>>> print(open('model.cif').read())   # mmCIF, C-alpha atoms and all ligand atoms
data_entry
#
loop_
_atom_site.label_atom_id
_atom_site.label_comp_id
_atom_site.auth_asym_id
_atom_site.auth_seq_id
_atom_site.Cartn_x
_atom_site.Cartn_y
_atom_site.Cartn_z
CA MET X 136 0.00 0.00 0.00
CA ARG X 137 1.07 3.57 -0.68
CA ARG X 138 0.25 6.31 1.70
CA SER X 139 1.29 9.86 2.27
CA PHE X 140 2.04 11.62 5.51
CA LYS X 141 1.95 15.36 5.90
CA PHE X 142 3.66 17.27 8.67
CA LEU X 143 4.08 20.89 9.61
CA LEU X 144 7.62 22.20 9.27
CA ARG X 145 9.15 24.47 11.87
CA PRO X 146 11.93 26.23 9.96
CA THR X 147 14.16 28.79 11.64
CA SER X 148 13.78 32.25 10.16
CA LYS X 149 16.94 31.71 8.13
CA GLN X 150 15.62 28.39 6.85
CA ALA X 151 12.27 29.99 6.02
CA VAL X 152 14.10 32.48 3.80
CA ALA X 153 15.98 29.60 2.15
CA LEU X 154 12.70 27.72 1.59
CA VAL X 155 11.17 30.75 -0.13
CA THR X 156 14.25 31.05 -2.37
CA CYS X 157 14.25 27.32 -3.08
CA LEU X 158 10.59 27.40 -4.13
CA GLU X 159 11.17 30.56 -6.15
CA ASP X 160 14.18 29.12 -8.01
CA HIS X 161 12.24 25.97 -8.85
CA ARG X 162 9.37 28.11 -10.06
CA GLN X 163 11.77 29.97 -12.34
CA ARG X 164 13.07 26.69 -13.74
CA TYR X 165 9.48 25.66 -14.40
CA ASN X 166 8.64 28.93 -16.09
CA ALA X 167 11.84 29.18 -18.14
CA ALA X 168 11.33 25.74 -19.62
CA PRO X 169 8.30 26.46 -21.86
CA GLU X 170 9.97 29.65 -23.09
CA HIS X 171 13.06 27.65 -24.00
CA ARG X 172 10.87 25.15 -25.86
CA ARG X 173 8.99 27.88 -27.68
CA ILE X 174 12.13 29.76 -28.84
CA ALA X 175 13.86 26.57 -29.99
CA TYR X 176 10.79 25.68 -31.98
CA ALA X 177 10.37 29.17 -33.48
CA LYS X 178 14.06 29.65 -34.38
CA ALA X 179 15.11 26.20 -35.47
CA GLY X 180 11.92 24.18 -35.70
CA VAL X 181 13.29 21.91 -33.02
CA SER X 182 11.09 20.26 -30.43
CA VAL X 183 12.87 20.36 -27.13
CA ARG X 184 12.08 17.53 -24.77
CA TYR X 185 12.78 16.62 -21.21
CA GLY X 186 16.13 14.98 -22.03
CA GLU X 187 17.57 18.15 -23.59
CA GLN X 188 16.21 20.34 -20.86
CA SER X 189 17.68 18.13 -18.21
CA ALA X 190 21.08 18.26 -19.94
CA GLU X 191 20.83 22.02 -20.18
CA LEU X 192 20.10 22.16 -16.48
CA LYS X 193 23.61 20.85 -15.83
CA HIS X 194 25.09 23.90 -17.57
CA ILE X 195 22.77 26.29 -15.79
CA ARG X 196 23.85 24.83 -12.46
CA GLY X 197 27.52 25.00 -13.41
CA ASP X 198 27.24 28.67 -14.37
CA ASP X 199 25.35 29.59 -11.23
CA PRO X 200 26.77 27.61 -8.30
CA GLY X 201 25.51 30.07 -5.67
CA GLY X 202 22.06 30.27 -7.29
CA GLN X 203 20.42 27.43 -9.20
CA GLY X 204 23.43 25.24 -8.41
CA ARG X 205 22.78 25.15 -4.69
CA TRP X 206 19.60 23.08 -4.92
CA SER X 207 19.22 19.40 -5.53
CA PHE X 208 19.69 18.36 -9.15
CA SER X 209 17.01 15.72 -8.66
CA SER X 210 14.38 18.10 -7.35
CA GLN X 211 15.03 20.40 -10.31
CA GLN X 212 14.72 17.46 -12.68
CA ALA X 213 11.44 16.55 -11.00
CA THR X 214 10.23 20.09 -11.73
CA LEU X 215 11.17 19.70 -15.42
CA ARG X 216 9.42 16.32 -15.54
CA ARG X 217 6.32 17.93 -14.15
CA LEU X 218 6.40 20.51 -16.90
CA ASP X 219 7.03 17.78 -19.46
CA LYS X 220 3.92 16.01 -18.21
CA ALA X 221 1.90 19.22 -18.52
CA PHE X 222 3.11 19.56 -22.13
CA ARG X 223 2.22 15.98 -22.99
CA ALA X 224 -1.24 16.46 -21.55
CA PHE X 225 -1.53 19.64 -23.61
CA PHE X 226 -0.64 17.87 -26.86
CA ASP X 227 -2.94 14.98 -26.02
CA ARG X 228 -5.79 17.45 -25.65
CA VAL X 229 -4.86 19.05 -28.98
CA LYS X 230 -4.85 15.63 -30.65
CA THR X 231 -8.26 14.67 -29.33
CA GLY X 232 -9.66 18.01 -30.50
CA ARG X 233 -10.48 19.37 -27.08
CA THR X 234 -9.84 22.98 -26.14
CA PRO X 235 -6.25 22.96 -25.03
CA GLY X 236 -5.12 25.05 -22.09
CA PHE X 237 -1.46 25.84 -22.73
CA PRO X 238 0.75 24.84 -19.76
CA ARG X 239 0.44 27.75 -17.48
CA PHE X 240 3.05 30.19 -16.38
CA LYS X 241 3.17 29.81 -12.62
CA GLY X 242 2.91 33.14 -10.84
CA ARG X 243 4.51 33.90 -7.51
CA GLY X 244 2.66 31.92 -4.88
CA TRP X 245 1.19 29.49 -7.42
CA PHE X 246 4.02 27.06 -7.67
CA ASP X 247 4.44 24.09 -5.41
CA PRO X 248 5.47 21.61 -4.31
CA VAL X 249 9.19 21.13 -4.69
CA GLU X 250 9.60 17.39 -4.87
CA TRP X 251 12.66 15.31 -4.13
CA PRO X 252 11.94 12.06 -5.97
CA LYS X 253 14.08 9.86 -3.74
CA ASP X 254 14.77 9.92 -0.02
CA GLY X 255 18.53 10.26 0.43
CA ASP X 256 19.07 12.17 -2.82
CA GLY X 257 19.29 15.87 -1.95
CA CYS X 258 17.06 15.28 1.04
CA ARG X 259 16.89 12.97 4.02
CA TRP X 260 13.92 12.13 6.17
CA ASP X 261 14.65 11.73 9.88
CA SER X 262 18.14 13.05 9.30
CA GLN X 263 19.04 13.24 12.98
CA PRO X 264 17.68 10.02 14.45
CA GLU X 265 19.99 10.40 17.44
CA HIS X 266 18.11 13.54 18.47
CA PRO X 267 15.95 12.48 21.41
CA ALA X 268 12.88 14.68 21.15
CA SER X 269 12.58 16.02 17.61
CA THR X 270 12.41 14.90 14.02
CA PHE X 271 14.34 16.66 11.29
CA VAL X 272 14.33 16.56 7.54
CA ARG X 273 17.48 17.61 5.72
CA LEU X 274 16.88 19.56 2.53
CA GLN X 275 19.78 20.46 0.29
CA GLY X 276 20.44 24.19 0.35
CA VAL X 277 18.10 24.70 3.31
CA GLY X 278 19.55 22.61 6.12
CA GLN X 279 18.15 20.46 8.92
CA VAL X 280 14.53 21.57 9.29
CA ARG X 281 12.57 20.65 12.38
CA VAL X 282 9.38 18.69 11.73
CA ASN X 283 6.26 18.67 13.85
CA GLN X 284 5.79 14.91 13.55
CA HIS X 285 2.43 14.36 15.20
CA ARG X 286 2.11 10.70 14.28
CA PRO X 287 4.36 7.83 13.29
CA VAL X 288 5.41 7.27 9.69
CA ARG X 289 4.90 3.76 8.42
CA GLY X 290 6.31 2.02 5.38
CA ARG X 291 9.33 3.12 3.38
CA VAL X 292 9.74 6.81 2.53
CA LYS X 293 9.94 7.20 -1.24
CA THR X 294 9.51 10.84 -2.18
CA ILE X 295 9.71 14.01 -0.09
CA SER X 296 7.90 17.20 -1.06
CA VAL X 297 7.75 20.61 0.48
CA LYS X 298 4.92 23.01 -0.01
CA ARG X 299 3.66 26.28 1.32
CA GLN X 300 0.08 26.86 2.34
CA GLY X 301 -0.65 30.37 3.45
CA ARG X 302 2.16 31.16 5.85
CA ARG X 303 2.87 27.56 6.82
CA TRP X 304 5.35 25.13 5.37
CA TYR X 305 4.63 21.42 5.13
CA VAL X 306 6.60 18.34 4.26
CA VAL X 307 4.74 15.51 2.54
CA LEU X 308 6.21 12.01 2.55
CA SER X 309 4.99 9.49 0.03
CA CYS X 310 5.55 6.05 1.51
CA GLU X 311 5.53 2.59 -0.03
CA GLU X 312 4.96 -0.83 1.51
CA VAL X 313 2.81 0.61 4.24
CA PRO X 314 1.46 -2.35 6.21
CA ALA X 315 -2.31 -2.67 6.53
CA GLU X 316 -3.84 -2.52 9.99
CA PRO X 317 -6.97 -4.65 9.91
CA LEU X 318 -9.67 -3.82 12.46
CA PRO X 319 -11.67 -6.49 14.27
CA PRO X 320 -15.05 -7.31 12.64
CA ALA X 321 -17.75 -4.80 13.53
CA GLY X 322 -20.72 -7.04 12.70
CA ALA X 323 -22.59 -4.27 10.88
CA VAL X 324 -23.08 -2.90 7.38
CA ALA X 325 -24.21 0.55 6.27
CA GLY X 326 -25.16 2.65 3.30
CA ILE X 327 -24.22 6.32 3.36
CA ASP X 328 -25.86 9.28 1.68
CA LEU X 329 -23.61 12.26 1.00
CA GLY X 330 -25.18 15.60 1.78
CA LEU X 331 -24.72 19.19 2.73
CA ALA X 332 -26.23 19.39 6.20
CA SER X 333 -24.24 16.30 7.18
CA LEU X 334 -21.27 15.16 5.16
CA ALA X 335 -22.72 11.65 5.35
CA THR X 336 -25.88 10.11 6.76
CA THR X 337 -25.87 6.39 7.47
CA SER X 338 -28.69 3.92 6.93
CA ASP X 339 -28.73 3.55 10.76
CA GLY X 340 -29.72 7.20 10.99
CA ALA X 341 -26.37 8.57 12.18
CA HIS X 342 -25.26 11.93 10.83
CA VAL X 343 -21.53 11.92 10.31
CA ALA X 344 -19.61 15.22 10.36
CA ASP X 345 -21.27 18.57 10.12
CA PRO X 346 -19.58 20.58 7.37
CA ARG X 347 -21.13 23.85 8.50
CA HIS X 348 -17.80 25.30 9.63
CA LEU X 349 -16.53 24.50 6.15
CA ALA X 350 -19.48 26.32 4.61
CA ALA X 351 -18.72 29.30 6.86
CA THR X 352 -15.13 29.42 5.62
CA ALA X 353 -16.43 29.08 2.07
CA ASP X 354 -18.60 32.15 2.61
CA ARG X 355 -15.64 34.11 3.88
CA LEU X 356 -13.61 32.94 0.90
CA ALA X 357 -16.33 34.09 -1.52
CA THR X 358 -16.37 37.51 0.14
CA ALA X 359 -12.57 37.72 0.03
CA GLN X 360 -12.57 36.86 -3.68
CA ARG X 361 -15.12 39.53 -4.50
CA ASP X 362 -13.04 41.94 -2.48
CA LEU X 363 -9.92 40.96 -4.42
CA ALA X 364 -11.63 41.55 -7.77
CA ARG X 365 -12.15 45.21 -6.85
CA LYS X 366 -8.52 45.91 -5.98
CA LYS X 367 -6.25 47.69 -8.41
CA ARG X 368 -3.47 45.61 -9.94
CA GLY X 369 -0.08 46.19 -8.37
CA SER X 370 -1.47 47.92 -5.30
CA THR X 371 -0.49 47.05 -1.73
CA ARG X 372 -4.13 46.40 -0.92
CA ARG X 373 -4.36 43.88 -3.70
CA ARG X 374 -1.29 42.04 -2.42
CA LYS X 375 -2.86 41.80 1.01
CA SER X 376 -6.11 40.66 -0.52
CA VAL X 377 -4.34 37.92 -2.48
CA ALA X 378 -2.67 36.70 0.70
CA ARG X 379 -6.02 36.59 2.43
CA VAL X 380 -7.63 34.55 -0.36
CA ALA X 381 -4.69 32.13 -0.31
CA ALA X 382 -4.92 31.74 3.47
CA LEU X 383 -8.64 31.00 3.26
CA HIS X 384 -8.09 28.46 0.48
CA ALA X 385 -5.57 26.75 2.70
CA LYS X 386 -8.01 26.79 5.59
CA VAL X 387 -10.73 25.22 3.46
CA ARG X 388 -8.33 22.46 2.43
CA ARG X 389 -7.32 21.78 6.02
CA GLN X 390 -10.89 21.72 7.28
CA ARG X 391 -12.03 19.52 4.44
CA LEU X 392 -9.31 16.98 5.05
CA ASP X 393 -9.80 17.07 8.79
CA THR X 394 -13.57 16.52 8.46
CA ALA X 395 -12.96 13.71 5.96
CA HIS X 396 -10.49 11.91 8.25
CA LYS X 397 -12.77 12.05 11.27
CA ALA X 398 -15.87 10.93 9.36
CA ALA X 399 -14.04 8.12 7.54
CA LEU X 400 -12.47 6.84 10.74
CA ALA X 401 -15.85 6.71 12.50
CA LEU X 402 -17.32 4.74 9.59
CA VAL X 403 -14.57 2.14 9.20
CA ARG X 404 -14.63 1.52 12.94
CA ALA X 405 -18.38 0.93 12.95
CA TYR X 406 -18.99 -1.07 9.75
CA ASP X 407 -17.53 -4.03 7.87
CA VAL X 408 -19.19 -3.06 4.58
CA ILE X 409 -19.87 0.53 3.54
CA VAL X 410 -21.92 1.35 0.45
CA HIS X 411 -21.78 4.84 -1.05
CA GLU X 412 -22.97 6.62 -4.16
CA ASP X 413 -20.72 6.52 -7.18
CA LEU X 414 -19.79 10.19 -7.32
CA ARG X 415 -19.09 10.25 -11.04
CA ILE X 416 -22.67 9.19 -11.75
CA ALA X 417 -24.08 11.21 -8.84
CA ASN X 418 -22.58 14.48 -10.05
CA MET X 419 -24.20 14.12 -13.42
CA THR X 420 -27.66 13.57 -12.00
CA ARG X 421 -27.09 16.32 -9.48
CA SER X 422 -26.27 19.00 -12.00
CA ALA X 423 -29.29 17.91 -14.02
CA SER X 424 -31.71 17.92 -11.15
CA GLY X 425 -30.99 21.13 -9.31
CA THR X 426 -30.67 24.79 -10.11
CA ILE X 427 -29.96 27.72 -7.88
CA ALA X 428 -33.48 29.09 -8.25
CA ALA X 429 -35.18 25.73 -7.71
CA PRO X 430 -32.67 23.78 -5.72
CA GLY X 431 -32.43 20.04 -5.90
CA ARG X 432 -31.47 18.51 -2.61
CA ASN X 433 -27.79 19.09 -3.11
CA VAL X 434 -27.68 22.67 -4.24
CA ALA X 435 -26.57 24.96 -1.46
CA ALA X 436 -28.56 28.12 -0.99
CA LYS X 437 -25.32 30.07 -1.07
CA ALA X 438 -24.67 28.55 -4.48
CA GLY X 439 -21.62 28.80 -6.68
CA LEU X 440 -18.36 28.62 -4.87
CA ASN X 441 -19.89 27.36 -1.68
CA ARG X 442 -21.37 24.45 -3.51
CA SER X 443 -18.24 23.61 -5.41
CA ILE X 444 -16.32 23.55 -2.16
CA LEU X 445 -18.72 21.09 -0.61
CA ASP X 446 -18.78 19.02 -3.80
CA ALA X 447 -15.01 18.77 -3.65
CA GLY X 448 -15.44 17.75 -0.02
CA TRP X 449 -17.30 14.60 -1.06
CA GLY X 450 -14.52 13.60 -3.43
CA VAL X 451 -11.86 14.11 -0.77
CA PHE X 452 -13.97 12.26 1.77
CA LEU X 453 -14.44 9.21 -0.48
CA GLN X 454 -10.70 9.14 -1.22
CA VAL X 455 -9.85 9.19 2.46
CA LEU X 456 -12.55 6.60 3.14
CA ALA X 457 -11.11 4.33 0.43
CA HIS X 458 -7.64 4.51 1.99
CA LYS X 459 -8.89 3.84 5.48
CA ALA X 460 -11.16 1.02 4.35
CA GLU X 461 -8.28 -0.65 2.53
CA SER X 462 -5.99 -0.31 5.49
CA ALA X 463 -8.62 -1.61 7.93
CA GLY X 464 -9.67 -4.50 5.68
CA ARG X 465 -13.19 -3.12 5.18
CA GLU X 466 -15.26 -3.50 2.05
CA LEU X 467 -16.33 -0.41 0.13
CA ILE X 468 -18.99 -0.58 -2.60
CA ALA X 469 -20.02 2.21 -4.99
CA VAL X 470 -23.49 2.17 -6.50
CA ASN X 471 -25.43 4.16 -9.04
CA PRO X 472 -27.52 6.55 -6.91
CA ALA X 473 -30.30 7.06 -9.48
CA GLY X 474 -33.68 7.07 -7.75
CA THR X 475 -32.31 6.43 -4.27
CA SER X 476 -33.63 9.73 -2.95
CA ARG X 477 -37.21 9.31 -4.11
CA THR X 478 -37.75 5.59 -3.68
CA CYS X 479 -39.50 4.38 -0.53
CA ALA X 480 -37.12 2.23 1.50
CA ARG X 481 -40.02 0.24 2.96
CA CYS X 482 -42.29 -0.56 -0.02
CA GLY X 483 -40.17 0.41 -3.02
CA HIS X 484 -42.70 2.92 -4.37
CA ARG X 485 -40.80 5.39 -6.52
CA ALA X 486 -42.23 8.88 -7.01
CA LYS X 487 -41.05 12.47 -6.96
CA ASP X 488 -43.88 13.36 -4.54
CA ASN X 489 -42.38 11.08 -1.90
CA ARG X 490 -39.89 13.79 -1.19
CA VAL X 491 -41.84 16.34 0.86
CA THR X 492 -39.04 18.75 1.70
CA GLN X 493 -35.26 18.81 1.62
CA ALA X 494 -35.17 16.92 4.92
CA SER X 495 -38.22 14.71 5.05
CA PHE X 496 -39.49 11.75 3.11
CA ALA X 497 -43.07 10.49 3.18
CA CYS X 498 -44.19 7.65 0.95
CA THR X 499 -47.40 8.43 -0.94
CA ALA X 500 -48.17 4.69 -1.24
CA CYS X 501 -47.50 3.15 2.19
CA GLY X 502 -47.15 6.22 4.40
CA HIS X 503 -43.59 5.39 5.49
CA ALA X 504 -42.05 8.57 6.89
CA ALA X 505 -38.34 9.08 7.47
CA HIS X 506 -35.48 11.52 7.33
CA ALA X 507 -34.89 11.89 3.59
CA ASP X 508 -31.15 11.19 3.82
CA VAL X 509 -31.67 8.10 5.98
CA ASN X 510 -34.25 6.78 3.51
CA ALA X 511 -31.75 7.34 0.69
CA ALA X 512 -28.95 5.67 2.66
CA VAL X 513 -31.10 2.56 3.21
CA ASN X 514 -31.73 2.35 -0.54
CA ILE X 515 -28.02 2.79 -1.22
CA LEU X 516 -27.19 0.00 1.21
CA ARG X 517 -29.74 -2.31 -0.41
CA ALA X 518 -28.36 -1.58 -3.90
CA GLY X 519 -24.84 -2.27 -2.66
CA LEU X 520 -25.72 -5.58 -1.01
CA ALA X 521 -27.56 -6.67 -4.17
CA LEU X 522 -24.45 -5.90 -6.23
CA ARG X 523 -22.34 -7.83 -3.78
CA ASP X 524 -24.64 -10.87 -3.85
CA ALA X 525 -24.62 -10.81 -7.64
CA ALA X 526 -20.83 -10.64 -7.70
CA GLN X 527 -20.50 -13.54 -5.24
CA ALA X 528 -23.01 -15.66 -7.18
CA ALA X 529 -21.13 -15.12 -10.44
ZN ZN D 1 -43.69 3.15 0.77
#
>>> encode(input="model.cif", output="structure tokens", more="lines below")
Ligand SMILES: [Zn+2]
Amino acid sequence: MRRSFKFLLRPTSKQAVALVTCLEDHRQRYNAAPEHRRIAYAKAGVSVRYGEQSAELKHIRGDDPGGQGRWSFSSQQATLRRLDKAFRAFFDRVKTGRTPGFPRFKGRGWFDPVEWPKDGDGCRWDSQPEHPASTFVRLQGVGQVRVNQHRPVRGRVKTISVKRQGRRWYVVLSCEEVPAEPLPPAGAVAGIDLGLASLATTSDGAHVADPRHLAATADRLATAQRDLARKKRGSTRRRKSVARVAALHAKVRRQRLDTAHKAALALVRAYDVIVHEDLRIANMTRSASGTIAAPGRNVAAKAGLNRSILDAGWGVFLQVLAHKAESAGRELIAVNPAGTSRTCARCGHRAKDNRVTQASFACTACGHAAHADVNAAVNILRAGLALRDAAQAA
């Protein structure tokens, strides 16, 4: 199993300056590369590829030992590979006739992470194991940076990345061969319905995680973005506004991940089998069935950005849930959610009128009344178990 671990860095002020420079120099390498490709193509009709750019990097480093030359060759190569990938994706889109977005110039503050593709090559995790109380990561050109390691790292560290979110610095370890940690059987199964009032509602009637604080941050972010749009380019106020938007984005990401971890952990502890909606199918039906003026059940009143933030929350949540389920030895099943919100979980009667309001369900055939999300979750569970039976019979 692969897993990643993310920790807060506690650089000294001198190291923080070095980190900024490191990120900035990598950003410049990233930005110079397309220009180099473009000029070579315009002047000589030559397509420059990763191999040539990597070779050129050697010269750049040799000419600038105190600048570009002070960073890890491997992390700079990783940056060029990332650009190469962006170019390939661009040409693939051109080939398939889709509207291509040219690989973007990365502005200040929009480039990260810096990745070291191999532990021990220009970087070293746990570089001072003899230190009794702290963990350090050594980064070439930056030094031994203290890490706030709040939980153990398992598996073998493969890549090390550093990124900035708002004013904080983080190190992300991508680990391989992470051992699974199976949980004892829980003796229960559940379907879950993804929603806005609760991130997930189980078929047992439990509401897991209240994303309201996330919605509140989303509101503040929307306000900050409107505010930013009114600021004059190049002004001090605009710079401050940009920083504020970035900080709120970072906060949304943190809250989303935190909510997802807590909710997923609660679910894998409580159930052996968890059935959820297939989000790829769900999103299609959702966009078709709700508008801002006449909201379907998943359209937030605050609309737009707010909604997209919560939508992204479901994706993150299901990813985290998948990881945890795999690690705990739990079974996860995705089902097509069509009809699950308007079908009666007791008698199977399927009608739009069953759905009285956003929150309540009342069957027009048998009179069964329930919380709408719980009713949907029961249907989702049933669909999942049917799929499972079919698969086992086959
Ligand atoms: Zn009914």
>>> residues_near_ligand(input="model.cif", ligand="ligand ZN 1 (chain D)", cutoff="8 Å", atoms="only C-alpha atoms and all ligand atoms", output="PyMOL selection string")
chain X and resi 478-484+497-503
>>> atom_distance(input="model.cif", atom1="atom CA of Ala512 of chain X", atom2="atom CA of Ala315 of chain X")
28.2 Å
>>> atom_distance(input="model.cif", atom1="atom CA of Arg355 of chain X", atom2="atom CA of Arg299 of chain X")
21.0 Å
>>> closest_atom_pairs(input="model.cif", of="segment 233-317 of chain X", to="segment 369-386 of chain X", cutoff="12 Å", atoms="all atoms listed in the file", output="tab-separated table")
residue	atom	partner	partner_atom	distance
X:Arg243	CA	X:Val377	CA	10.9
X:Gly244	CA	X:Ala381	CA	8.7
X:Trp245	CA	X:Ala381	CA	9.6
X:Lys298	CA	X:Ala385	CA	11.5
X:Arg299	CA	X:Ala385	CA	9.3
X:Gln300	CA	X:Ala385	CA	5.7
X:Gly301	CA	X:Ala382	CA	4.5
X:Arg302	CA	X:Ala382	CA	7.5
X:Arg303	CA	X:Ala385	CA	9.4
X:Trp304	CA	X:Ala385	CA	11.4
X:Tyr305	CA	X:Ala385	CA	11.8
>>> atom_distance(input="model.cif", atom1="atom CA of Asp508 of chain X", atom2="atom CA of Ile409 of chain X")
15.5 Å
>>> closest_residue(input="model.cif", among="X:Asp160, X:Asp413, X:Asp219, X:Glu250", to="Tyr185 of chain X", atoms="all atoms listed in the file")
X:Asp219
>>> closest_residue(input="model.cif", among="X:Asp199, X:Asp247, X:Glu191, X:Asp488", to="Cys157 of chain X", atoms="all atoms listed in the file")
X:Asp247
>>> closest_residue(input="model.cif", among="X:Thr358, X:Gln163, X:Thr156, X:Thr475", to="Lys241 of chain X", atoms="only C-alpha atoms")
X:Gln163
>>> residues_around(input="model.cif", residues="Phe140 of chain X", least_positions_apart="3", cutoff="10 Å", atoms="all atoms listed in the file", output="mmCIF file with C-alpha atoms, in the frame of the given file")
data_model
loop_
_atom_site.group_PDB
_atom_site.id
_atom_site.type_symbol
_atom_site.label_atom_id
_atom_site.label_comp_id
_atom_site.auth_asym_id
_atom_site.auth_seq_id
_atom_site.Cartn_x
_atom_site.Cartn_y
_atom_site.Cartn_z
ATOM 1 C CA GLN X 284 5.790 14.910 13.550
ATOM 2 C CA ARG X 286 2.110 10.700 14.280
ATOM 3 C CA PRO X 287 4.360 7.830 13.290
ATOM 4 C CA VAL X 288 5.410 7.270 9.690
ATOM 5 C CA ARG X 289 4.900 3.760 8.420
ATOM 6 C CA VAL X 292 9.740 6.810 2.530
ATOM 7 C CA ILE X 295 9.710 14.010 -0.090
ATOM 8 C CA VAL X 306 6.600 18.340 4.260
ATOM 9 C CA VAL X 307 4.740 15.510 2.540
ATOM 10 C CA LEU X 308 6.210 12.010 2.550
ATOM 11 C CA SER X 309 4.990 9.490 0.030
ATOM 12 C CA CYS X 310 5.550 6.050 1.510
#
>>> residues_near_point(input="model.cif", point="(18.7, 20.8, 2.9)", cutoff="12 Å", atoms="only C-alpha atoms", output="PyMOL selection string")
chain X and resi 146+150-151+153-154+157+205-207+210+251+254-260+262+271-281+295+297
>>> closest_residue(input="model.cif", among="X:Thr352, X:Gln211, X:Gln360, X:Ser495", to="Val387 of chain X", atoms="all atoms listed in the file")
X:Thr352
>>> residues_around(input="model.cif", residues="Ser476 of chain X", least_positions_apart="5", cutoff="12 Å", atoms="all atoms listed in the file", output="PyMOL selection string")
chain X and resi 327-330+412+417+420-421+424+431-433+471+483-498+505-515
>>> build_atoms(input="model.cif", residues="segment 377-394 of chain X", atoms="N, CA and C atoms", output="tab-separated table (two decimals), in the frame of the given file")
chain	number	residue	atom	x	y	z
X	377	VAL	N	-4.76	39.20	-1.92
X	377	VAL	CA	-4.34	37.92	-2.48
X	377	VAL	C	-3.90	36.97	-1.37
X	378	ALA	N	-3.15	37.52	-0.41
X	378	ALA	CA	-2.67	36.70	0.70
X	378	ALA	C	-3.85	36.16	1.51
X	379	ARG	N	-4.86	37.00	1.65
X	379	ARG	CA	-6.02	36.59	2.43
X	379	ARG	C	-6.78	35.45	1.73
X	380	VAL	N	-6.96	35.60	0.41
X	380	VAL	CA	-7.63	34.55	-0.36
X	380	VAL	C	-6.84	33.24	-0.26
X	381	ALA	N	-5.52	33.33	-0.39
X	381	ALA	CA	-4.69	32.13	-0.31
X	381	ALA	C	-4.81	31.46	1.06
X	382	ALA	N	-4.82	32.29	2.11
X	382	ALA	CA	-4.92	31.74	3.47
X	382	ALA	C	-6.26	31.04	3.67
X	383	LEU	N	-7.32	31.62	3.11
X	383	LEU	CA	-8.64	31.00	3.26
X	383	LEU	C	-8.76	29.71	2.46
X	384	HIS	N	-8.14	29.70	1.26
X	384	HIS	CA	-8.09	28.46	0.48
X	384	HIS	C	-7.42	27.36	1.28
X	385	ALA	N	-6.31	27.73	1.91
X	385	ALA	CA	-5.57	26.75	2.70
X	385	ALA	C	-6.42	26.25	3.86
X	386	LYS	N	-7.16	27.17	4.45
X	386	LYS	CA	-8.01	26.79	5.59
X	386	LYS	C	-9.11	25.82	5.14
X	387	VAL	N	-9.71	26.11	4.00
X	387	VAL	CA	-10.73	25.22	3.46
X	387	VAL	C	-10.15	23.82	3.26
X	388	ARG	N	-8.96	23.77	2.67
X	388	ARG	CA	-8.33	22.46	2.43
X	388	ARG	C	-8.10	21.71	3.73
X	389	ARG	N	-7.59	22.42	4.73
X	389	ARG	CA	-7.32	21.78	6.02
X	389	ARG	C	-8.59	21.26	6.66
X	390	GLN	N	-9.63	22.11	6.66
X	390	GLN	CA	-10.89	21.72	7.28
X	390	GLN	C	-11.51	20.53	6.56
X	391	ARG	N	-11.44	20.57	5.24
X	391	ARG	CA	-12.03	19.52	4.44
X	391	ARG	C	-11.38	18.18	4.75
X	392	LEU	N	-10.05	18.20	4.79
X	392	LEU	CA	-9.31	16.98	5.05
X	392	LEU	C	-9.56	16.48	6.48
X	393	ASP	N	-9.59	17.40	7.39
X	393	ASP	CA	-9.80	17.07	8.79
X	393	ASP	C	-11.18	16.43	8.98
X	394	THR	N	-12.20	17.05	8.40
X	394	THR	CA	-13.57	16.52	8.46
X	394	THR	C	-13.60	15.12	7.84
